[in-house]
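Undergrad: Got a structure for you, input_16.cif, holding mmCIF, C-alpha atoms.
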data_target
loop_
_atom_site.label_atom_id
_atom_site.label_comp_id
_atom_site.auth_asym_id
_atom_site.auth_seq_id
_atom_site.Cartn_x
_atom_site.Cartn_y
_atom_site.Cartn_z
CA MET A 112 9.34 3.73 -2.94
CA ALA A 113 11.00 6.11 -5.38
CA ALA A 114 14.32 5.59 -3.61
CA ARG A 115 14.66 2.06 -4.85
CA SER A 116 16.28 1.76 -8.24
CA THR A 117 18.25 -0.67 -10.27
CA ARG A 118 20.64 1.75 -11.82
CA VAL A 119 23.66 1.15 -9.61
CA LEU A 120 23.83 -2.49 -10.22
CA MET A 121 25.00 -3.19 -13.73
CA SER A 122 28.57 -3.56 -12.50
CA CYS A 123 27.58 -6.15 -9.95
CA SER A 124 27.57 -9.60 -11.43
CA ARG A 125 25.38 -12.29 -10.00
CA LYS A 126 26.94 -15.73 -9.75
CA ASP A 127 24.11 -17.75 -8.34
CA ALA A 128 20.70 -16.18 -8.02
CA ASN A 129 19.36 -18.90 -5.78
CA ALA A 130 22.29 -20.11 -3.73
CA ALA A 131 20.08 -20.91 -0.78
CA LEU A 132 16.63 -20.31 0.62
CA LEU A 133 16.60 -18.52 3.95
CA SER A 134 13.94 -19.00 6.58
CA ASN A 135 12.44 -15.95 8.25
CA PHE A 136 14.13 -17.06 11.44
CA GLU A 137 17.61 -16.97 9.89
CA VAL A 138 17.03 -13.47 8.56
CA PHE A 139 15.67 -12.45 11.96
CA GLN A 140 18.82 -13.72 13.67
CA LEU A 141 21.07 -12.06 11.12
CA LEU A 142 19.39 -8.68 11.45
CA THR A 143 19.37 -8.89 15.26
CA ASP A 144 23.12 -9.62 15.29
CA LEU A 145 23.78 -6.87 12.77
CA LYS A 146 21.79 -4.38 14.82
CA GLN A 147 23.77 -5.38 17.91
CA GLN A 148 27.07 -5.02 16.08
CA ARG A 149 26.21 -1.58 14.75
CA LYS A 150 25.07 -0.39 18.14
CA GLU A 151 28.35 -1.53 19.68
CA SER A 152 30.54 0.04 17.04
CA GLY A 153 29.22 3.48 17.93
CA LYS A 154 27.47 6.27 16.11
CA SER A 155 30.38 7.29 13.91
CA LYS A 156 29.06 5.18 11.06
CA GLN A 157 25.63 6.81 10.90
CA SER A 158 26.37 8.73 7.72
CA SER A 159 23.74 9.39 5.09
CA GLY A 160 24.96 6.39 3.13
CA GLN A 161 23.76 4.09 5.88
CA GLN A 162 20.20 5.38 5.76
CA ASN A 163 19.02 2.78 3.26
CA LEU A 164 20.41 -0.02 5.36
CA ASN A 165 18.77 1.42 8.48
CA THR A 166 15.42 1.73 6.74
CA ILE A 167 15.38 -1.75 5.28
CA MET A 168 16.62 -3.33 8.50
CA TYR A 169 13.97 -1.54 10.58
CA GLU A 170 11.10 -2.42 8.23
CA THR A 171 12.17 -6.02 7.74
CA MET A 172 12.61 -6.56 11.49
CA LYS A 173 9.20 -5.00 12.08
CA TYR A 174 7.61 -7.44 9.67
CA ILE A 175 9.47 -10.56 10.75
CA SER A 176 8.84 -9.86 14.43
CA LYS A 177 5.14 -10.35 13.81
CA THR A 178 5.62 -13.83 12.36
CA PRO A 179 5.98 -17.08 14.34
CA CYS A 180 9.73 -17.11 13.77
CA ARG A 181 10.30 -14.84 16.74
CA TYR A 182 9.70 -17.74 19.09
CA GLN A 183 12.02 -20.07 17.22
CA SER A 184 15.59 -21.03 18.00
CA PRO A 185 18.24 -22.92 16.00
CA GLU A 186 17.43 -26.08 17.97
CA THR A 187 13.70 -25.96 17.24
CA VAL A 188 14.39 -25.41 13.55
CA ARG A 189 16.78 -28.37 13.47
CA GLU A 190 14.30 -30.56 15.36
CA PHE A 191 11.55 -29.52 12.98
CA LEU A 192 13.56 -30.39 9.88
CA ILE A 193 14.52 -33.79 11.30
CA ALA A 194 10.88 -34.50 12.13
CA MET A 195 9.85 -33.45 8.61
CA LYS A 196 12.17 -35.98 6.96
CA GLY A 197 9.57 -38.72 7.04
CA HIS A 198 6.85 -36.68 5.34
CA LYS A 199 8.45 -36.33 1.89
CA LEU A 200 7.88 -32.63 1.41
CA THR A 201 9.85 -30.37 -0.87
CA LYS A 202 12.25 -27.77 0.51
CA ALA A 203 9.89 -24.95 -0.36
CA GLU A 204 6.97 -26.64 1.42
CA LYS A 205 8.98 -27.28 4.58
CA LEU A 206 10.12 -23.66 4.50
CA GLN A 207 6.55 -22.41 4.31
CA LEU A 208 5.49 -24.62 7.20
CA LEU A 209 8.41 -23.28 9.21
CA ASN A 210 7.63 -19.66 8.39
CA HIS A 211 3.87 -19.77 8.86
CA ARG A 212 3.30 -22.46 11.50
CA PRO A 213 -0.12 -23.60 10.18
CA VAL A 214 -2.68 -24.80 12.70
CA THR A 215 -5.47 -26.00 10.41
CA ALA A 216 -5.67 -28.63 7.72
CA VAL A 217 -6.77 -26.06 5.13
CA GLU A 218 -3.56 -24.09 5.65
CA ILE A 219 -1.53 -27.24 5.05
CA GLN A 220 -3.45 -27.83 1.83
CA LEU A 221 -2.54 -24.32 0.72
CA MET A 222 1.16 -24.77 1.29
CA VAL A 223 1.59 -28.33 0.10
CA GLU A 224 1.04 -28.85 -3.59
CA GLU A 225 -1.54 -31.51 -4.50
CA SER A 226 -1.93 -32.36 -0.85
CA GLU A 227 -5.10 -34.39 -1.47
CA GLU A 228 -3.10 -36.83 -3.57
CA ARG A 229 0.11 -36.87 -1.55
CA LEU A 230 -1.15 -36.81 2.03
CA THR A 231 -3.92 -38.77 3.70
CA GLU A 232 -6.02 -37.18 6.42
CA GLU A 233 -4.01 -38.92 9.12
CA GLN A 234 -0.79 -37.66 7.61
CA ILE A 235 -2.12 -34.12 7.59
CA GLU A 236 -3.15 -34.53 11.23
CA SER A 237 0.26 -35.85 12.21
CA LEU A 238 1.87 -32.97 10.30
CA LEU A 239 -0.22 -30.49 12.25
CA GLN A 240 0.71 -32.25 15.49
CA THR A 241 4.42 -32.08 14.66
CA VAL A 242 4.19 -28.41 13.74
CA ALA A 243 2.26 -27.50 16.85
CA SER A 244 4.50 -29.50 19.19
CA ILE A 245 7.93 -28.62 17.85
CA LEU A 246 7.48 -25.05 16.66
CA PRO A 247 6.70 -22.73 19.53
CA GLY A 248 3.71 -20.50 19.00
CA ASP A 249 2.56 -17.36 20.77
CA PRO A 250 2.96 -18.21 24.50
CA GLU A 251 -0.22 -16.28 25.41
CA GLU A 252 -2.27 -18.17 22.86
CA GLN A 253 -0.86 -21.47 24.02
CA GLN A 254 -1.78 -20.67 27.63
CA ARG A 255 -5.29 -19.82 26.52
CA ASP A 256 -5.56 -23.04 24.54
CA SER A 257 -4.32 -25.19 27.41
CA ALA A 258 -6.65 -23.38 29.83
CA MET A 259 -9.58 -24.12 27.51
CA GLU A 260 -8.49 -27.73 27.26
CA THR A 261 -8.37 -28.22 31.03
CA GLU A 262 -11.78 -26.57 31.30
CA GLY A 263 -13.13 -28.97 28.70
CA ARG A 264 -11.67 -31.96 30.51
CA SER A 265 -13.00 -30.92 33.90
CA SER A 266 -16.50 -30.34 32.51
CA GLN A 267 -16.59 -33.89 31.08
CA MET B 168 10.61 -15.23 1.19
CA PHE B 169 14.32 -14.54 1.40
CA VAL B 170 17.13 -16.04 -0.64
CA LEU B 171 20.88 -15.89 -0.47
CA VAL B 172 22.43 -14.60 -3.69
CA GLU B 173 26.10 -14.97 -4.50
CA MET B 174 27.47 -11.86 -6.14
CA THR B 175 30.76 -10.39 -7.21
CA ASP B 176 31.72 -6.76 -7.32
CA THR B 177 34.67 -4.43 -7.19
CA VAL B 178 34.65 -2.21 -4.12
CA ARG B 179 36.47 1.07 -3.99
CA ILE B 180 37.92 2.10 -0.63
CA PRO B 181 39.11 5.73 -0.46
CA PRO B 182 42.54 6.36 1.16
CA TRP B 183 41.14 8.01 4.30
CA GLN B 184 39.52 4.71 5.22
CA PHE B 185 42.71 2.65 4.94
CA GLU B 186 43.15 2.62 8.70
CA ARG B 187 39.91 0.67 9.14
CA LYS B 188 39.80 -3.09 8.82
CA LEU B 189 39.34 -3.97 5.15
CA ASN B 190 36.45 -6.34 5.82
CA GLU B 191 34.52 -3.71 7.72
CA SER B 192 35.03 -1.06 5.05
CA ILE B 193 33.97 -3.48 2.35
CA ALA B 194 30.90 -4.59 4.29
CA GLU B 195 29.89 -0.98 4.79
CA GLU B 196 30.40 -0.12 1.12
CA LEU B 197 28.43 -3.10 -0.07
CA ASN B 198 25.54 -2.30 2.24
CA LYS B 199 25.65 1.32 1.16
CA LYS B 200 25.44 0.24 -2.45
CA LEU B 201 22.86 -2.53 -2.26
CA ALA B 202 20.66 -2.31 0.86
CA ASN B 203 17.03 -1.42 0.10
CA LYS B 204 17.71 -1.46 -3.64
CA VAL B 205 16.21 -3.70 -6.28
CA VAL B 206 18.64 -5.63 -8.48
CA TYR B 207 17.24 -6.41 -11.90
CA ASN B 208 16.06 -10.05 -12.09
CA VAL B 209 17.30 -10.75 -8.57
CA GLY B 210 15.08 -9.03 -6.02
CA LEU B 211 15.07 -6.50 -3.23
CA CYS B 212 18.42 -6.56 -1.41
CA ILE B 213 18.20 -6.54 2.35
CA CYS B 214 21.67 -6.81 3.87
CA LEU B 215 25.05 -8.47 3.52
CA TYR B 216 25.20 -12.08 4.70
CA ASP B 217 28.94 -12.69 4.47
CA ILE B 218 32.06 -12.17 2.38
CA THR B 219 33.24 -15.41 0.82
CA LYS B 220 36.40 -14.29 -0.94
CA LEU B 221 38.53 -11.20 -1.17
CA GLU B 222 40.88 -10.91 -4.09
CA ASP B 223 43.96 -8.74 -4.18
CA SER B 224 43.46 -5.00 -3.82
CA TYR B 225 44.83 -2.79 -6.55
CA ILE B 226 45.64 0.88 -6.68
CA PHE B 227 45.31 2.37 -10.15
CA PRO B 228 47.31 5.29 -11.47
CA GLY B 229 45.57 8.61 -10.94
CA ASP B 230 43.33 7.30 -8.15
CA GLY B 231 44.63 6.87 -4.62
CA ALA B 232 41.84 4.52 -3.60
CA SER B 233 42.14 0.75 -3.51
CA HIS B 234 39.95 -1.44 -5.65
CA THR B 235 39.15 -4.91 -4.39
CA LYS B 236 37.19 -7.62 -6.12
CA VAL B 237 34.84 -9.16 -3.57
CA HIS B 238 32.82 -12.36 -3.71
CA PHE B 239 29.98 -12.15 -1.23
CA ARG B 240 26.51 -13.40 -0.39
CA TYR B 241 23.60 -11.05 0.04
CA VAL B 242 20.19 -11.59 1.63
CA VAL B 243 17.59 -10.78 -1.00
CA PHE B 244 13.82 -10.64 -0.78
CA HIS B 245 12.60 -12.79 -3.64
CA PRO B 246 9.52 -14.91 -2.93
CA PHE B 247 9.23 -18.02 -5.05
CA LEU B 248 6.26 -18.69 -7.30
CA ASP B 249 3.18 -19.91 -5.40
CA GLU B 250 4.59 -18.88 -2.06
CA ILE B 251 2.07 -17.82 0.57
CA LEU B 252 2.72 -14.42 2.10
CA VAL B 253 0.93 -12.33 4.70
CA GLY B 254 0.61 -8.62 4.10
CA GLU B 255 -1.49 -5.61 4.93
CA ILE B 256 -3.98 -3.96 2.58
CA LYS B 257 -2.64 -0.53 1.74
CA SER B 258 -5.31 0.67 -0.68
CA CYS B 259 -7.87 -0.46 -3.22
CA SER B 260 -8.35 0.82 -6.72
CA GLN B 261 -9.92 -0.28 -9.97
CA ASP B 262 -6.78 -2.30 -10.82
CA GLY B 263 -7.10 -4.33 -7.68
CA VAL B 264 -6.05 -4.51 -4.08
CA HIS B 265 -2.66 -3.04 -3.20
CA VAL B 266 -0.87 -4.96 -0.46
CA SER B 267 2.26 -4.06 1.47
CA ILE B 268 4.66 -6.07 3.59
CA GLY B 269 6.20 -3.08 5.33
CA PHE B 270 9.54 -3.22 3.61
CA PHE B 271 8.03 -3.93 0.19
CA ASP B 272 4.96 -2.16 -1.15
CA ASP B 273 4.53 -3.04 -4.79
CA ILE B 274 2.19 -5.99 -4.49
CA VAL B 275 -1.08 -5.97 -6.39
CA ILE B 276 -3.94 -8.45 -6.43
CA PRO B 277 -5.81 -7.92 -9.70
CA PRO B 278 -9.62 -8.13 -9.74
CA GLU B 279 -9.59 -11.51 -11.55
CA SER B 280 -7.61 -13.08 -8.69
CA LEU B 281 -9.94 -11.93 -5.94
CA GLN B 282 -12.41 -14.36 -4.44
CA GLN B 283 -15.31 -14.37 -6.88
CA PRO B 284 -17.78 -12.80 -6.87
CA ALA B 285 -16.18 -9.50 -5.95
CA LYS B 286 -17.19 -5.96 -6.76
CA PHE B 287 -15.60 -2.57 -6.30
CA ASP B 288 -17.50 -0.26 -4.00
CA GLU B 289 -17.01 3.18 -5.53
CA ALA B 290 -18.31 5.06 -2.52
CA GLU B 291 -15.86 3.59 -0.05
CA GLN B 292 -13.15 2.76 -2.61
CA VAL B 293 -12.80 -0.80 -1.36
CA TRP B 294 -13.20 -4.19 -2.94
CA VAL B 295 -15.98 -6.31 -1.51
CA TRP B 296 -16.26 -10.07 -1.56
CA GLU B 297 -19.86 -11.17 -1.82
CA TYR B 298 -19.68 -14.31 0.22
CA GLU B 299 -22.68 -16.58 -0.26
CA THR B 300 -23.93 -18.90 2.45
CA GLU B 301 -27.26 -20.63 2.99
CA GLU B 302 -28.50 -17.61 4.97
CA GLY B 303 -27.75 -15.21 2.13
CA ALA B 304 -24.93 -13.06 0.88
CA HIS B 305 -22.40 -11.56 3.29
CA ASP B 306 -20.28 -8.71 2.15
CA LEU B 307 -16.67 -9.02 3.26
CA TYR B 308 -15.03 -5.65 2.89
CA MET B 309 -11.30 -5.55 2.18
CA ASP B 310 -10.54 -2.60 4.39
CA ILE B 311 -7.29 -0.71 4.62
CA GLY B 312 -5.04 -2.03 7.35
CA GLU B 313 -6.53 -5.51 7.27
CA GLU B 314 -4.16 -8.43 7.23
CA ILE B 315 -4.39 -10.50 4.09
CA ARG B 316 -2.84 -13.81 3.14
CA PHE B 317 -2.14 -14.23 -0.57
CA ARG B 318 -0.27 -16.44 -3.00
CA VAL B 319 2.46 -15.01 -5.25
CA VAL B 320 1.55 -15.80 -8.83
CA ASP B 321 3.78 -13.54 -10.87
CA GLU B 322 6.67 -11.11 -10.61
CA THR B 323 7.88 -8.38 -12.93
CA PHE B 324 11.26 -6.74 -13.09
CA VAL B 325 11.55 -3.43 -14.88
CA ASP B 326 14.86 -1.91 -15.78
CA THR B 327 14.60 1.63 -14.43
CA SER B 328 18.12 2.67 -15.41
CA PRO B 329 18.24 6.21 -16.71
CA THR B 330 17.90 6.29 -20.48
CA GLY B 331 20.56 7.90 -22.65
CA PRO B 332 20.16 11.32 -24.28
CA SER B 333 18.93 9.89 -27.64
CA SER B 334 15.91 8.13 -26.14
CA ALA B 335 15.18 11.14 -23.93
CA GLU B 336 14.67 13.19 -27.09
CA ALA B 337 12.44 10.54 -28.61
CA SER B 338 9.97 10.61 -25.71
CA THR B 339 8.99 14.21 -26.08
CA SER B 340 5.74 14.25 -24.14
CA ASN B 341 5.88 14.82 -20.39
CA ALA B 342 3.29 12.16 -19.80
CA THR B 343 5.54 9.28 -20.93
CA GLU B 344 8.39 10.58 -18.79
CA GLU B 345 6.16 10.68 -15.75
CA VAL B 346 4.90 7.17 -16.37
CA GLN B 347 8.48 5.93 -16.67
CA LYS B 348 9.47 7.58 -13.40
CA LYS B 349 6.61 6.03 -11.46
CA GLU B 350 7.24 2.46 -12.54
CA ALA B 351 8.32 0.25 -9.73
CA PRO B 352 11.43 -1.81 -10.50
CA TYR B 353 9.98 -4.93 -8.92
CA THR B 354 6.31 -5.80 -8.64
CA LEU B 355 4.54 -8.88 -7.39
CA VAL B 356 1.16 -10.10 -8.48
CA GLY B 357 -0.82 -11.98 -5.87
CA SER B 358 -3.95 -14.07 -5.84
CA ILE B 359 -6.49 -14.88 -3.17
CA SER B 360 -8.91 -16.93 -5.22
CA GLU B 361 -8.57 -19.97 -3.01
CA PRO B 362 -10.17 -21.04 0.25
CA VAL B 363 -8.63 -19.59 3.40
CA LEU B 364 -6.76 -16.90 1.49
CA THR B 365 -8.44 -13.87 3.01
CA GLY B 366 -7.79 -12.49 6.44
CA THR B 367 -5.41 -14.41 8.62
CA GLY B 368 -7.47 -17.51 8.14
CA GLU B 369 -9.01 -17.82 11.58
CA GLU B 370 -12.58 -16.98 10.72
CA THR B 371 -12.57 -18.24 7.18
CA ALA B 372 -10.91 -21.50 8.19
CA LYS B 373 -13.81 -22.23 10.50
CA ASP B 374 -16.23 -21.49 7.68
CA TRP B 375 -14.46 -23.74 5.23
CA SER B 376 -13.45 -26.69 7.39
#
Take the structure in the file and write it out as structure tokens.
TA:
Amino acid sequence: MAARSTRVLMSCSRKDANAALLSNFEVFQLLTDLKQQRKESGKSKQSSGQQNLNTIMYETMKYISKTPCRYQSPETVREFLIAMKGHKLTKAEKLQLLNHRPVTAVEIQLMVEESEERLTEEQIESLLQTVASILPGDPEEQQRDSAMETEGRSSQ
Amino acid sequence: MFVLVEMTDTVRIPPWQFERKLNESIAEELNKKLANKVVYNVGLCICLYDITKLEDSYIFPGDGASHTKVHFRYVVFHPFLDEILVGEIKSCSQDGVHVSIGFFDDIVIPPESLQQPAKFDEAEQVWVWEYETEEGAHDLYMDIGEEIRFRVVDETFVDTSPTGPSSAEASTSNATEEVQKKEAPYTLVGSISEPVLTGTGEETAKDWS
């Protein structure tokens, strides 16, 4: 977008460019709270200066709402990180698992570096199990999956 | 995808805003200055996370406004190297597939990083992946609007600050000026030359597993 530029920011000094990694869920929460706050404080602040903030908030929320993080809560994220402690993954890998909620072994191999060397097949399976059980997925999909499972069981 | 960046800046609050709470005025000013803007070598700024420290506010002679040095943390879009992202194909051209994430559009997947073999269909202006199986070759078209999962392999920051008068004289041709104006301050280069990195993975995962 032509509107984005770097020219304003020479005066701003950056202390720590990577103070912390944020999960999509945290950004989702932050933007939801910010939207709530701005709605409550009334329309007096909707000057032209706020247009950039409105645009970026709207677009970012639109994108994040389509990712699995919209079903997450602080408790599920905490549970997930505790469960991940045993698997010896880096911060970045755990973050990707949290943001994408992989359901197949190939996806895990994508996100975890050198997964063939670091994880056995059983470990990958248990990782998938943990992800699927702790991180909530699309409730409609999960209903469909459980319906298919019961069908499978009854046909056996 | 997002990082928290600690920054420091001096915020100017004009006198007619003195009745408002200082924190609110400062938050608004910072968002006005940084939201939806790219900071050189940092990333695309989204919104203010919090204010960590406010130093004393000063009023300078000749200016009735207060100037406050603020230490704050800002949410910035800055994917790390090798991160997997999901985007939407915006367009295809000879230089590759252009992907967008809604709030960020300057992502390009160059032809070398597409699943090989791939060819550019001139008629439809789309890239096609010639997927070979035992039955023969399937053509997977990378259509506009399709979801695509890719890996971030490179990023480029360009300083798009306005150049001074001396360099403006040096670049006399209009063409160079135009090229300078169209350069995006922050671009990402993606790659999909790995299994499962096309589409959202459902179909291809079945093929590859």
Undergrad: Suppose a student applies the PyMOL selection byres ((chain A and resi 185) around 12) to this structure; what residues should they get, written as an NGL selection string?
TA: :A and (134-137 or 139-140 or 180-184 or 186-192 or 209 or 245-246)
Undergrad: Return the neighbours of chain A among the residues of chain B, cut-off 7 Å, counting only C-alpha atoms, as a PyMOL selection string.
TA: chain B and resi 169-176+198-199+202-207+209+213+268-270+326-328+352+363+372
Undergrad: Starting from the point (-14.6, -9.5, -7.0), work out which residues of protein, DNA or RNA have an atom no more than 12 Å away when counting all atoms listed in the file; state them as a VMD selection string.
TA: chain B and resid 259 261 to 264 276 to 288 293 to 298 306 to 309 358 to 360
Undergrad: Record the distance separating atom CA of Ile193 of chain B and atom CA of Pro246 of chain B, expressed in Å with one decimal.
TA: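 For atom CA of Ile193 of chain B relative to atom CA of Pro246 of chain B, the distance reads 27.5 Å.
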Undergrad: Report, in Å to a single decimal, how far apart atom CA of Met168 of chain B and atom CA of Tyr241 of chain B are.
TA: 13.7 Å
Undergrad: Would you mind telling me which residue in B:Val319, B:Cys214, B:Leu201, B:Val275 lies nearest to Ser258 of chain B when using all atoms listed in the file?
TA: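 Checking each of B:Val319, B:Cys214, B:Leu201, B:Val275 against Ser258 of chain B, counting all atoms listed in the file, the winner is B:Val275.
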Undergrad: List as a PyMOL selection string the protein and nucleic acid residues near Gln234 of chain A, meaning an atom at most 12 Å away when all atoms listed in the file are counted, but skip any in the same chain fewer than 3 places from it.
TA: chain A and resi 195+197-200+216+219-220+226-231+237-241
Undergrad: Report, in Å to a single decimal, how far apart atom CA of Asn208 of chain B and atom CA of Asp273 of chain B are.
TA: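 According to the coordinates, atom CA of Asp273 of chain B and atom CA of Asn208 of chain B are separated by 15.3 Å.
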